[in-house]
Amino acid sequence: MSETEVTTAPRPLLLADGRPAARAWSLDPALRHLNHGSFGAVPLVAQERQQELRARMEGAPVAWFPGLPERIAAARVELAAFLGADPGDLALVPNASAGASVVYAGLPHRGGGEIVVTDHGYGAVTMGAERLARRWGGRVRTARVPLDAGEEQAYEAVMAEVGGATGLLVVDQITSATARRLPVERIGAEARRRGVPLLVDGAHAPGLIDAPLSGTACDFWTGNLHKWGCAPRGTAALVARGPLRDGLYPLIDSWGAADPYPDRFDQQGTLDATPWLAAATALGFVEATWGWAAARRYMDELAGYGARVVGAALAELTGADASVDVGMPVPGMRLVRLPDGLGGSRLAADALRDRATAELGVEAAFTSFGGTGYLRLSAHVYNTAEDYEYVAEKCVPVLGEWARAAR
Ligand SMILES: Cc1ncc(COP(=O)(O)O)c(C=O)c1O
């Protein structure tokens with residue numbers, strides 16, 4: 001790694017009026033927010049838009065709710081354009097977990113059917129696959145994909161688990177614990193050729209990948225607009241394309257049940273749909289202020305810078321290389337290896353996250369993969385180089401103390 005690579009930081013992004021980008025959010029300035037990936041962060045304009053919609057709902061509920069399905073259908077058109085999807089394929093759901101649950105609940109029974117997942121899968125989504133496999137009287141097969149596997153190796157590892165008994169394949173477009181992509185385009189093409197249904201978990205993809213649905217052949221895709229898209233929380237999409245989609249219903253039985261997919265998802269009982277209606281305001285704000293392409297470039301450069309400065313501080317502390325060779329990396333997120341003794345399991349990593357917030361004033365994601373602990377750094381438009389320099393200078397020495405105490 002060259003000295004310039006360590007020291008070159010992208011210039012902070014500014015708002016149209018010259019103020020720092022972070023002023024468009026309501027994030028607590030007393031904390032460093034380096035974990036956009038987990039729960040997102042909503043810009044003030046989208047919060048205000050949602051508040052306006054809520055005020056209308058609260059002002060005249062009886063006028064609001066009967067007209068809601070039509071408004072949701074219109075919101076789907078805007079959100080589908082951002083995702084590179086056909087609005088006729090897209091249903092709105094509260095989160096990616098719900099999108100996966102809808103698919104698990106709606107697939108036809110397949111006695112003895114197997115479900116192929118990967119060891120990078122999101123735990124909660126994988127647990128849902130395990131439950132479905134139990135209902136089928138089958139089992140889950142886990143493809144092991146090395147962290148540094150490139151496209152070919154990752155593809156081979158996944159397809160090696162697919163066979164005649166496979167009733168469903170579940171693959172992340174962007175993984176949570178390891179912040180990498182998996183080759184869903186190639187896997188999708190081959191799964192289609194073999195007639196195996198594929199669910200792509202694209203929870204992190206909207207906003208991080210341009211038009212994440214274009215070029216991905218899959219029966220089912222789900223992704224959160226409330227992560228990188230900055231939409232109000234509770235906004236996610238489910239995209240379904242083949243004949244199996246006729247079996248998909250919202251998790252809440254409601255009056256749209258007799259309607260075709262995806263229209264039947266526009267009615268889900270008495271539900272606060274204001275996040276869905278305000279989502280396009282968040283997407284439009286980033287587009288109008290910086291453009292998503294430039295925002296993504298910034299996020300990627302900044303995440304790379306952050307990983308280099310934090311990685312260099314960790315290396316100085318432990319004497320070991322903290323950089324992580326991730327095959328198919330994503331823009332906006334990077335891993336650095338934690339000192340031995342920290343974050344070796346998911347529970348240990350979660351405890352570290354809570355301790356870092358309470359004692360270091362840093363909201364960060366600590367993850368665990370294959371028994372190794374990682375700090376997953378996120379970078380969004382409101383982050384600046386100084387956030388990561390703070391972690392390198394102030395937090396890394398404390399992490400070193402925590403690691404010594406843990407050994
Ligand atoms: C890959 C992946 N899948 C699913 C989810 C679940 O998202 P949600 O909690 O919004 O349902 C996440 C959340 O981080 C994720 O990273």
# chains A, B, ... in the order shown; residues from 1 in each chain; ligands from 1
$ residues_near_ligand --ligand "ligand 1" --cutoff "10 Å" --atoms "only C-alpha atoms and all ligand atoms" --output "PDB file with N, CA and C atoms, in the first residue's frame"
ATOM      1  N   HIS A  36     -24.115   2.984   8.155  1.00  0.00           N
ATOM      2  CA  HIS A  36     -25.332   3.226   7.375  1.00  0.00           C
ATOM      3  C   HIS A  36     -25.957   1.898   6.940  1.00  0.00           C
ATOM      4  N   GLY A  37     -25.090   0.909   6.699  1.00  0.00           N
ATOM      5  CA  GLY A  37     -25.555  -0.354   6.123  1.00  0.00           C
ATOM      6  C   GLY A  37     -26.623  -1.064   6.932  1.00  0.00           C
ATOM      7  N   SER A  38     -26.556  -0.997   8.250  1.00  0.00           N
ATOM      8  CA  SER A  38     -27.501  -1.809   9.031  1.00  0.00           C
ATOM      9  C   SER A  38     -28.924  -1.272   8.976  1.00  0.00           C
ATOM     10  N   PHE A  39     -29.091   0.012   9.274  1.00  0.00           N
ATOM     11  CA  PHE A  39     -30.461   0.517   9.416  1.00  0.00           C
ATOM     12  C   PHE A  39     -30.729   1.774   8.603  1.00  0.00           C
ATOM     13  N   GLY A  40     -29.771   2.227   7.820  1.00  0.00           N
ATOM     14  CA  GLY A  40     -29.954   3.415   7.000  1.00  0.00           C
ATOM     15  C   GLY A  40     -29.985   4.685   7.837  1.00  0.00           C
ATOM     16  N   VAL A  93     -43.218  -4.149   0.453  1.00  0.00           N
ATOM     17  CA  VAL A  93     -43.267  -4.899   1.714  1.00  0.00           C
ATOM     18  C   VAL A  93     -42.503  -4.074   2.751  1.00  0.00           C
ATOM     19  N   PRO A  94     -42.662  -4.383   4.039  1.00  0.00           N
ATOM     20  CA  PRO A  94     -42.011  -3.527   5.036  1.00  0.00           C
ATOM     21  C   PRO A  94     -40.487  -3.647   5.097  1.00  0.00           C
ATOM     22  N   ASN A  95     -39.957  -4.791   4.769  1.00  0.00           N
ATOM     23  CA  ASN A  95     -38.496  -4.948   4.840  1.00  0.00           C
ATOM     24  C   ASN A  95     -38.082  -6.202   4.064  1.00  0.00           C
ATOM     25  N   ALA A  96     -36.793  -6.358   3.883  1.00  0.00           N
ATOM     26  CA  ALA A  96     -36.303  -7.501   3.097  1.00  0.00           C
ATOM     27  C   ALA A  96     -36.644  -8.819   3.785  1.00  0.00           C
ATOM     28  N   SER A  97     -36.682  -8.804   5.112  1.00  0.00           N
ATOM     29  CA  SER A  97     -37.062 -10.037   5.829  1.00  0.00           C
ATOM     30  C   SER A  97     -38.473 -10.437   5.413  1.00  0.00           C
ATOM     31  N   ALA A  98     -39.364  -9.458   5.307  1.00  0.00           N
ATOM     32  CA  ALA A  98     -40.741  -9.752   4.887  1.00  0.00           C
ATOM     33  C   ALA A  98     -40.755 -10.268   3.453  1.00  0.00           C
ATOM     34  N   GLY A  99     -39.936  -9.664   2.582  1.00  0.00           N
ATOM     35  CA  GLY A  99     -39.885 -10.119   1.188  1.00  0.00           C
ATOM     36  C   GLY A  99     -39.513 -11.595   1.114  1.00  0.00           C
ATOM     37  N   ALA A 100     -38.501 -11.988   1.896  1.00  0.00           N
ATOM     38  CA  ALA A 100     -38.088 -13.406   1.901  1.00  0.00           C
ATOM     39  C   ALA A 100     -39.197 -14.265   2.498  1.00  0.00           C
ATOM     40  N   SER A 101     -39.843 -13.762   3.554  1.00  0.00           N
ATOM     41  CA  SER A 101     -40.902 -14.550   4.205  1.00  0.00           C
ATOM     42  C   SER A 101     -42.065 -14.797   3.255  1.00  0.00           C
ATOM     43  N   HIS A 120     -22.517 -16.937   3.638  1.00  0.00           N
ATOM     44  CA  HIS A 120     -22.527 -15.478   3.800  1.00  0.00           C
ATOM     45  C   HIS A 120     -23.949 -14.958   4.000  1.00  0.00           C
ATOM     46  N   GLY A 121     -24.934 -15.863   3.994  1.00  0.00           N
ATOM     47  CA  GLY A 121     -26.339 -15.441   4.036  1.00  0.00           C
ATOM     48  C   GLY A 121     -26.666 -14.697   5.327  1.00  0.00           C
ATOM     49  N   TYR A 122     -27.677 -13.860   5.251  1.00  0.00           N
ATOM     50  CA  TYR A 122     -28.127 -13.101   6.425  1.00  0.00           C
ATOM     51  C   TYR A 122     -28.844 -14.091   7.354  1.00  0.00           C
ATOM     52  N   GLY A 123     -28.416 -14.138   8.622  1.00  0.00           N
ATOM     53  CA  GLY A 123     -28.876 -15.181   9.542  1.00  0.00           C
ATOM     54  C   GLY A 123     -30.380 -15.343   9.590  1.00  0.00           C
ATOM     55  N   ALA A 124     -31.099 -14.221   9.660  1.00  0.00           N
ATOM     56  CA  ALA A 124     -32.551 -14.315   9.812  1.00  0.00           C
ATOM     57  C   ALA A 124     -33.192 -14.899   8.553  1.00  0.00           C
ATOM     58  N   VAL A 125     -32.660 -14.549   7.389  1.00  0.00           N
ATOM     59  CA  VAL A 125     -33.199 -15.064   6.124  1.00  0.00           C
ATOM     60  C   VAL A 125     -32.866 -16.558   5.994  1.00  0.00           C
ATOM     61  N   THR A 126     -31.678 -16.924   6.437  1.00  0.00           N
ATOM     62  CA  THR A 126     -31.289 -18.342   6.400  1.00  0.00           C
ATOM     63  C   THR A 126     -32.147 -19.153   7.366  1.00  0.00           C
ATOM     64  N   VAL A 171     -29.577 -16.544  -2.568  1.00  0.00           N
ATOM     65  CA  VAL A 171     -28.216 -15.980  -2.695  1.00  0.00           C
ATOM     66  C   VAL A 171     -28.278 -14.473  -2.499  1.00  0.00           C
ATOM     67  N   ASP A 172     -27.349 -13.948  -1.711  1.00  0.00           N
ATOM     68  CA  ASP A 172     -27.294 -12.502  -1.475  1.00  0.00           C
ATOM     69  C   ASP A 172     -26.645 -11.790  -2.659  1.00  0.00           C
ATOM     70  N   GLN A 173     -27.215 -10.657  -3.026  1.00  0.00           N
ATOM     71  CA  GLN A 173     -26.572  -9.820  -4.046  1.00  0.00           C
ATOM     72  C   GLN A 173     -25.378  -9.105  -3.406  1.00  0.00           C
ATOM     73  N   ILE A 174     -25.596  -8.628  -2.170  1.00  0.00           N
ATOM     74  CA  ILE A 174     -24.523  -8.035  -1.356  1.00  0.00           C
ATOM     75  C   ILE A 174     -24.667  -8.653   0.027  1.00  0.00           C
ATOM     76  N   THR A 175     -23.582  -9.190   0.548  1.00  0.00           N
ATOM     77  CA  THR A 175     -23.671  -9.908   1.821  1.00  0.00           C
ATOM     78  C   THR A 175     -23.557  -8.936   2.986  1.00  0.00           C
ATOM     79  N   SER A 176     -24.113  -9.335   4.105  1.00  0.00           N
ATOM     80  CA  SER A 176     -24.153  -8.443   5.256  1.00  0.00           C
ATOM     81  C   SER A 176     -22.857  -8.504   6.061  1.00  0.00           C
ATOM     82  N   ALA A 177     -22.496  -9.677   6.539  1.00  0.00           N
ATOM     83  CA  ALA A 177     -21.327  -9.778   7.425  1.00  0.00           C
ATOM     84  C   ALA A 177     -20.029  -9.525   6.678  1.00  0.00           C
ATOM     85  N   THR A 178     -20.006  -9.823   5.380  1.00  0.00           N
ATOM     86  CA  THR A 178     -18.739  -9.789   4.651  1.00  0.00           C
ATOM     87  C   THR A 178     -18.675  -8.711   3.567  1.00  0.00           C
ATOM     88  N   ALA A 179     -19.736  -7.929   3.428  1.00  0.00           N
ATOM     89  CA  ALA A 179     -19.733  -6.777   2.526  1.00  0.00           C
ATOM     90  C   ALA A 179     -19.145  -7.115   1.153  1.00  0.00           C
ATOM     91  N   VAL A 200     -33.090 -13.827  -4.754  1.00  0.00           N
ATOM     92  CA  VAL A 200     -31.915 -12.978  -4.531  1.00  0.00           C
ATOM     93  C   VAL A 200     -32.217 -12.058  -3.359  1.00  0.00           C
ATOM     94  N   ASP A 201     -31.375 -12.130  -2.326  1.00  0.00           N
ATOM     95  CA  ASP A 201     -31.504 -11.213  -1.194  1.00  0.00           C
ATOM     96  C   ASP A 201     -30.679  -9.975  -1.531  1.00  0.00           C
ATOM     97  N   GLY A 202     -31.404  -8.961  -1.998  1.00  0.00           N
ATOM     98  CA  GLY A 202     -30.738  -7.714  -2.392  1.00  0.00           C
ATOM     99  C   GLY A 202     -30.917  -6.632  -1.336  1.00  0.00           C
ATOM    100  N   ALA A 203     -30.995  -7.034  -0.060  1.00  0.00           N
ATOM    101  CA  ALA A 203     -31.295  -6.069   1.015  1.00  0.00           C
ATOM    102  C   ALA A 203     -30.448  -4.799   0.916  1.00  0.00           C
ATOM    103  N   HIS A 204     -29.161  -4.963   0.619  1.00  0.00           N
ATOM    104  CA  HIS A 204     -28.252  -3.804   0.580  1.00  0.00           C
ATOM    105  C   HIS A 204     -28.157  -3.150  -0.795  1.00  0.00           C
ATOM    106  N   ALA A 205     -28.764  -3.754  -1.808  1.00  0.00           N
ATOM    107  CA  ALA A 205     -28.435  -3.330  -3.175  1.00  0.00           C
ATOM    108  C   ALA A 205     -29.001  -1.965  -3.591  1.00  0.00           C
ATOM    109  N   THR A 222     -35.591  -9.436  -3.368  1.00  0.00           N
ATOM    110  CA  THR A 222     -36.101  -8.484  -2.381  1.00  0.00           C
ATOM    111  C   THR A 222     -34.978  -7.558  -1.955  1.00  0.00           C
ATOM    112  N   GLY A 223     -35.321  -6.296  -1.688  1.00  0.00           N
ATOM    113  CA  GLY A 223     -34.283  -5.340  -1.300  1.00  0.00           C
ATOM    114  C   GLY A 223     -34.875  -4.180  -0.527  1.00  0.00           C
ATOM    115  N   ASN A 224     -34.064  -3.597   0.317  1.00  0.00           N
ATOM    116  CA  ASN A 224     -34.506  -2.496   1.181  1.00  0.00           C
ATOM    117  C   ASN A 224     -34.220  -1.149   0.540  1.00  0.00           C
ATOM    118  N   LEU A 225     -35.239  -0.303   0.521  1.00  0.00           N
ATOM    119  CA  LEU A 225     -34.976   1.092   0.122  1.00  0.00           C
ATOM    120  C   LEU A 225     -34.605   1.913   1.347  1.00  0.00           C
ATOM    121  N   HIS A 226     -34.820   1.342   2.544  1.00  0.00           N
ATOM    122  CA  HIS A 226     -34.501   2.097   3.766  1.00  0.00           C
ATOM    123  C   HIS A 226     -33.053   1.913   4.212  1.00  0.00           C
ATOM    124  N   LYS A 227     -32.246   1.217   3.441  1.00  0.00           N
ATOM    125  CA  LYS A 227     -30.819   1.192   3.765  1.00  0.00           C
ATOM    126  C   LYS A 227     -30.140   2.290   2.934  1.00  0.00           C
ATOM    127  N   ARG A 233     -37.874   4.144   7.155  1.00  0.00           N
ATOM    128  CA  ARG A 233     -37.809   2.709   7.457  1.00  0.00           C
ATOM    129  C   ARG A 233     -39.158   2.045   7.263  1.00  0.00           C
ATOM    130  N   GLY A 234     -39.084   0.806   6.829  1.00  0.00           N
ATOM    131  CA  GLY A 234     -40.292   0.060   6.530  1.00  0.00           C
ATOM    132  C   GLY A 234     -40.591   0.079   5.044  1.00  0.00           C
ATOM    133  N   THR A 235     -39.566   0.402   4.231  1.00  0.00           N
ATOM    134  CA  THR A 235     -39.777   0.459   2.770  1.00  0.00           C
ATOM    135  C   THR A 235     -38.865  -0.540   2.071  1.00  0.00           C
ATOM    136  N   ALA A 236     -39.475  -1.570   1.545  1.00  0.00           N
ATOM    137  CA  ALA A 236     -38.701  -2.569   0.800  1.00  0.00           C
ATOM    138  C   ALA A 236     -39.518  -3.047  -0.385  1.00  0.00           C
TER     139      ALA A 236
END
$ residues_around --residues "Val158 in chain A" --least-positions-apart "4" --cutoff "8 Å" --atoms "only C-alpha atoms" --output "PDB file with C-alpha atoms, in the first residue's frame"
ATOM      1  CA  VAL A 116     -29.318 -24.021  -1.101  1.00  0.00           C
ATOM      2  CA  VAL A 117     -27.974 -21.032   0.834  1.00  0.00           C
ATOM      3  CA  THR A 118     -24.446 -19.684   1.318  1.00  0.00           C
ATOM      4  CA  ALA A 143     -22.396 -23.458  -0.101  1.00  0.00           C
ATOM      5  CA  ARG A 144     -19.078 -22.362   1.403  1.00  0.00           C
ATOM      6  CA  VAL A 145     -17.717 -19.346  -0.449  1.00  0.00           C
ATOM      7  CA  ALA A 154     -18.098 -18.166  -5.937  1.00  0.00           C
ATOM      8  CA  VAL A 162     -27.513 -27.456  -6.586  1.00  0.00           C
ATOM      9  CA  ILE A 187     -26.167 -17.931 -10.871  1.00  0.00           C
TER      10      ILE A 187
END
$ closest_residue --among "A:Met159, A:Leu147, A:Tyr388, A:Arg32" --to "Glu190 in chain A" --atoms "only C-alpha atoms"
A:Met159
$ atom_distance --atom1 "CA of Gly247 in chain A" --atom2 "CA of Gly106 in chain A"
5.0 Å
$ select_by_dssp --residues "range 114-304 of chain A" --states "alpha helix (DSSP H)" --output "number ranges by chain"
A: 123-136, 151-159, 184-194, 274-289, 292-304
$ closest_residue --among "A:Leu34, A:Ala280, A:Ala322, A:Ala403" --to "Ala303 in chain A" --atoms "only C-alpha atoms"
A:Leu34
$ residues_around --residues "Ile209 in chain A" --least-positions-apart "5" --cutoff "9 Å" --atoms "only C-alpha atoms" --output "list in words"
Leu83, His204, Arg296, Val330 and Pro331 of chain A
$ closest_residue --among "A:Pro43, A:Gly113, A:Pro69, A:Gly150" --to "Asp325 in chain A" --atoms "only C-alpha atoms"
A:Gly150
$ atom_distance --atom1 "CA of Leu338 in chain A" --atom2 "CA of Gly311 in chain A"
9.0 Å
$ closest_atom_pairs --of "range 260-327 of chain A" --to "range 357-379 of chain A" --cutoff "9 Å" --atoms "only C-alpha atoms" --output "CSV"
residue,atom,partner,partner_atom,distance
A:Tyr298,CA,A:Ala379,CA,8.4
A:Met299,CA,A:Ala379,CA,5.1
A:Asp300,CA,A:Ala379,CA,7.2
A:Glu301,CA,A:Ala379,CA,8.8
A:Leu302,CA,A:Ala379,CA,6.2
A:Ala303,CA,A:Ala379,CA,5.2
A:Gly304,CA,A:Ala379,CA,9.0
A:Gly306,CA,A:Leu377,CA,7.3
A:Ala307,CA,A:Leu377,CA,7.1
$ select_by_dssp --residues "range 184-353 of chain A" --states "strand (DSSP E or B)" --output "VMD selection string"
chain A and resid 198 to 201 206 209 220 to 224 236 to 240 323 329 333 to 337
$ write_last_selection --atoms "C-alpha atoms" --output "CSV table (one decimal), in the first residue's frame"
chain,number,residue,atom,x,y,z
A,198,LEU,CA,-33.8,-18.3,-7.2
A,199,LEU,CA,-34.5,-15.8,-4.4
A,200,VAL,CA,-31.9,-13.0,-4.5
A,201,ASP,CA,-31.5,-11.2,-1.2
A,206,PRO,CA,-30.8,-0.4,-3.8
A,209,ILE,CA,-25.8,-0.8,-7.1
A,220,PHE,CA,-37.7,-13.5,-6.8
A,221,TRP,CA,-35.7,-10.5,-5.5
A,222,THR,CA,-36.1,-8.5,-2.4
A,223,GLY,CA,-34.3,-5.3,-1.3
A,224,ASN,CA,-34.5,-2.5,1.2
A,236,ALA,CA,-38.7,-2.6,0.8
A,237,ALA,CA,-39.5,-4.1,-2.6
A,238,LEU,CA,-40.3,-7.6,-3.6
A,239,VAL,CA,-39.8,-8.3,-7.3
A,240,ALA,CA,-41.2,-11.5,-8.7
A,323,SER,CA,-6.6,-5.4,5.5
A,329,PRO,CA,-16.2,-5.9,-3.1
A,333,MET,CA,-18.7,-0.8,2.6
A,334,ARG,CA,-15.3,-2.3,3.6
A,335,LEU,CA,-14.0,-4.7,6.1
A,336,VAL,CA,-11.0,-4.5,8.4
A,337,ARG,CA,-9.8,-7.4,10.5
$ residues_around --residues "Trp25 in chain A" --least-positions-apart "4" --cutoff "9 Å" --atoms "only C-alpha atoms" --output "ChimeraX atom specification"
/A:21,41-45,382
$ decode --residues "range 189-201 of chain A" --atoms "C-alpha atoms" --output "PDB file, in the first residue's frame"
ATOM      1  CA  ALA A 189     -28.911 -17.536 -15.650  1.00  0.00           C
ATOM      2  CA  GLU A 190     -27.874 -21.074 -14.750  1.00  0.00           C
ATOM      3  CA  ALA A 191     -30.669 -21.547 -12.199  1.00  0.00           C
ATOM      4  CA  ARG A 192     -33.181 -20.535 -14.842  1.00  0.00           C
ATOM      5  CA  ARG A 193     -31.656 -22.993 -17.317  1.00  0.00           C
ATOM      6  CA  ARG A 194     -32.002 -25.774 -14.738  1.00  0.00           C
ATOM      7  CA  GLY A 195     -35.493 -24.690 -13.650  1.00  0.00           C
ATOM      8  CA  VAL A 196     -34.461 -23.976 -10.054  1.00  0.00           C
ATOM      9  CA  PRO A 197     -36.249 -21.015  -8.413  1.00  0.00           C
ATOM     10  CA  LEU A 198     -33.835 -18.340  -7.169  1.00  0.00           C
ATOM     11  CA  LEU A 199     -34.457 -15.803  -4.424  1.00  0.00           C
ATOM     12  CA  VAL A 200     -31.915 -12.978  -4.531  1.00  0.00           C
ATOM     13  CA  ASP A 201     -31.504 -11.213  -1.194  1.00  0.00           C
TER      14      ASP A 201
END
